[in-house]
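Presented below is the structure to which this report refers.
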Amino acid sequence: MSKKFYITTPIYYPSASPHLGHAYCTTLCDILARSKKMRGYETFFLTGLDEHGEKIQKNAVANGVTPQKFVDDVAKRFLSLWEAMKIDNQGFIRTTDDYHVATVQKIFSKMLEKGDIYLSTYSGWYCVHEESYWTETQVGEEHLCPECGRPVEKKDEEAYFYRCSKYADDLLAFYESHPKFITPEARKNEMVNTFIKPGLQDLCVTRTSFDWGIPVKEAKGHVIYVWLDALTNYITALGYLQNDDSNFKKFWEDPETEIVHVIGADITRFHTIYWPMFLDSLGLRKPDRVFVHGLMMMKDGKMSKSRGNAISAYPLIERYGVDAVRYYLVSEIPFGENGVFTPEQFVMRVNQDLANNLGNLLNRTVSMIGKYFDGNIPSFVSNVNPTDKELEDLVERTVSAYEVHQDDLNPTQATMDVMELVSRANKYIEETAPWALAKDESKKAELESVMAHLAHVLYVAGELLSPILVTKSEKLFAQLGLADGEANYDDLKKFGKLDGHKVNKGEQLFPRLDVEAETKAILEMMAGPKEKTAA
Ligand code: MSP
């Protein structure tokens, strides 16, 4: 039976067009999902949109359209971005989809029947932007939202509540017995100390002050709180409580499936406190990991649609190709930390890693095999040159470490290791000086070995980077003379795989960018048109 992997992004608010921050999270998940698939896992990658709530309703009004029309339009933009980013997702959920709406109503009814949800009155400080109620202490004397700093409003309403108190102790015990449930570790401590230990208040799970949400069947005028609606997407999209629940059985209920939610720090509380409790209430298993990634910032702070400082991925893809953008996203910011987007760094990454390191190794290798062996990759022999063995060991170590890092949700380190291997191979060229070996017929065996080693390193790098370089890895394989689909993850440690293949000199994978001109071009993209939102 094959191993199974279920990975999700948050479902994004379609309140305006997606920016590079959204592309960041989705691309990293795509890379993780593709790398598992490459290693033989049966994978389900889900992303989607969180379309209900007061904020969306207000944005629709500001744009003079119905909420449904508004989200339909924005949804198209998200879908085209995922297409442009070459996102290979198996599911795309929109919370306005009929099956989701009907299932959330069933979920609500189940919780109500179980006594986990009860009717009462809510009085609290509400932040429209965060769609969250806060306590007196949290908003302080100035009455500002502790999350976003905007003014909050006092609100009273009849509402249903979720009995958090019932599950708090179990949750702490679960954290203890599952140390990797929330990572990075600091996020877990924050949840425990800031929210759980001081005492969890029951969560208000319905609203009556607006109607753009899933109606509560049991009470007219109430809509289900956007977070209860949204979090359950992770199971409704798999068919939970629906006629065809085969994906749910396979990717959620099966204890052999690894379930990973990737989220931004701003929504940790919902995913690590409320979501596990909702699952408890439904008698379902919890995810294995909630991985909190950092934010892609701009020099003037968090990139966000409402701040109007967001950069879109499109012009970058158009000018530099999707592979360069995907590579930048995974390599620039260690997954889990915050990072700042700057044009200079973007250009530097592409130049240093892709053009100078990887591209250069490919060019030099293919040219030399062309020149010295008429394009035929010589048979692989070990231990001819002093550093042959060292390079082979590094190949093996890189493949093994790649798996460890990917499994540990550290695609940045996995990528850096591959680039280290590529650098080592470039250095190996300097050490072995093939141009000198070529001048001496008695050194033919050495020269053959150098070329065979270089070709193999390129094969390994191409395959390990293929979840990132989704179009260029094929081009790299073609230059090594591999037919479509011939590259195979299981062969990475099989030295000699390329014996007898004939290289084909092709175009440069990544042409070197002119630093000054391209920095200027990206700065112009950043000054692109702003959108109108109510936030
Ligand atoms: N709809 C909720 C999530 C519900 S999940 C059941 C939401 N949506 S959001 O669109 O505001 O943000 C979702 C996620 O987008 C963030 O958690 C984060 O993963 C990602 N990002 C949004 N802006 C980002 C950056 N500037 N940088 C990196 N990721 C960013 O919250």
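Going by the structure tokens order, chains are called A, B, ..., each with residues numbered from 1, while ligands are numbered from 1 in the order shown.
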
**OP:** Output the neighbourhood of ligand 1 as a PyMOL selection string, that is, all protein and nucleic acid residues with some atom at most 9 Å from the ligand, counting only C-alpha atoms and all ligand atoms.
**Re:** chain A and resi 9-15+18-26+48-52+130+226-234+262-268+270-271+275+292-298+301-305+310+338-339

Can you list every residue of segment 338-391 of chain A that has an atom at most 7 Å from segment 412-426 of chain A, with its nearest atom pair and the distance in Å to one decimal, using only C-alpha atoms, ordered by chain then number, as a tab-separated table?
```
residue	atom	partner	partner_atom	distance
A:Asn357	CA	A:Ser423	CA	6.2
A:Leu358	CA	A:Val422	CA	6.3
A:Leu361	CA	A:Asn426	CA	6.1
```

Selection from above, N, CA and C atoms, as a PDB file, in the first residue's frame, can you write it?
```
ATOM      1  N   ASN A 357      25.090  29.045 -11.021  1.00  0.00           N
ATOM      2  CA  ASN A 357      25.397  27.738 -10.438  1.00  0.00           C
ATOM      3  C   ASN A 357      24.822  26.594 -11.296  1.00  0.00           C
ATOM      4  N   LEU A 358      23.503  26.459 -11.307  1.00  0.00           N
ATOM      5  CA  LEU A 358      22.893  25.334 -12.029  1.00  0.00           C
ATOM      6  C   LEU A 358      23.062  25.453 -13.552  1.00  0.00           C
ATOM      7  N   LEU A 361      26.620  24.869 -14.727  1.00  0.00           N
ATOM      8  CA  LEU A 361      27.050  23.472 -14.676  1.00  0.00           C
ATOM      9  C   LEU A 361      26.507  22.716 -15.888  1.00  0.00           C
TER      10      LEU A 361
END
```

Original post:
Leaving out Asp388 of chain A and any residue of its chain fewer than 6 positions from it, which residues lie within 8 Å of it when counting only C-alpha atoms, given as a list in words?
Top reply: Ser382, Ser449, Val450 and His453 of chain A

Original post:
What's the 8 Å shell around Val128 of chain A, counting only C-alpha atoms, without same-chain residues fewer than 6 positions away, as a list in words?
Top reply: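 My list of contacting residues is Glu54, Lys55 and Val152 of chain A.
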
Subject >> Shell around Ile7 of chain A at 8 Å using only C-alpha atoms, local window under 5 positions removed, as a list in words >> reply: Cys29, Ala33, Thr43, Phe44, Phe45, Leu46, Ile259, Val260, His261 and Val262 of chain A

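Distances here use only C-alpha atoms; by that measure, the residue among A:Gln406, A:Ser209, A:Thr471, A:Thr398 closest to Val457 of chain A is A:Thr398.
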
Subject >> d(atom CA of Gly53 of chain A, atom CA of Thr272 of chain A) in Å >> reply: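 The value is 21.1 Å.
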
Subject >> Among listed residues A:Ile87, A:Gly140, A:Gln242, A:Phe210, nearest Pro67 of chain A (using only C-alpha atoms) >> reply: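 Closest candidate: A:Phe210.
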
**OP:** For Lys69 of chain A, please output as a list in words all residues within 12 Å (counting only C-alpha atoms; exclusion window: fewer than 5 positions along the same chain).
**Re:**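 The residues that qualify are Pro14, Ser15, Glu51, Ile56, Gln57, Asn59, Ala60, Val61, Asn63, Gly64, Val74, Ala75, Lys76 and Thr96 of chain A.
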
Subject >> Top pick for closest residue to Leu354 of chain A, considering A:Tyr167, A:Tyr327, A:Phe373, A:Tyr6 and counting only C-alpha atoms >> reply: A:Tyr327
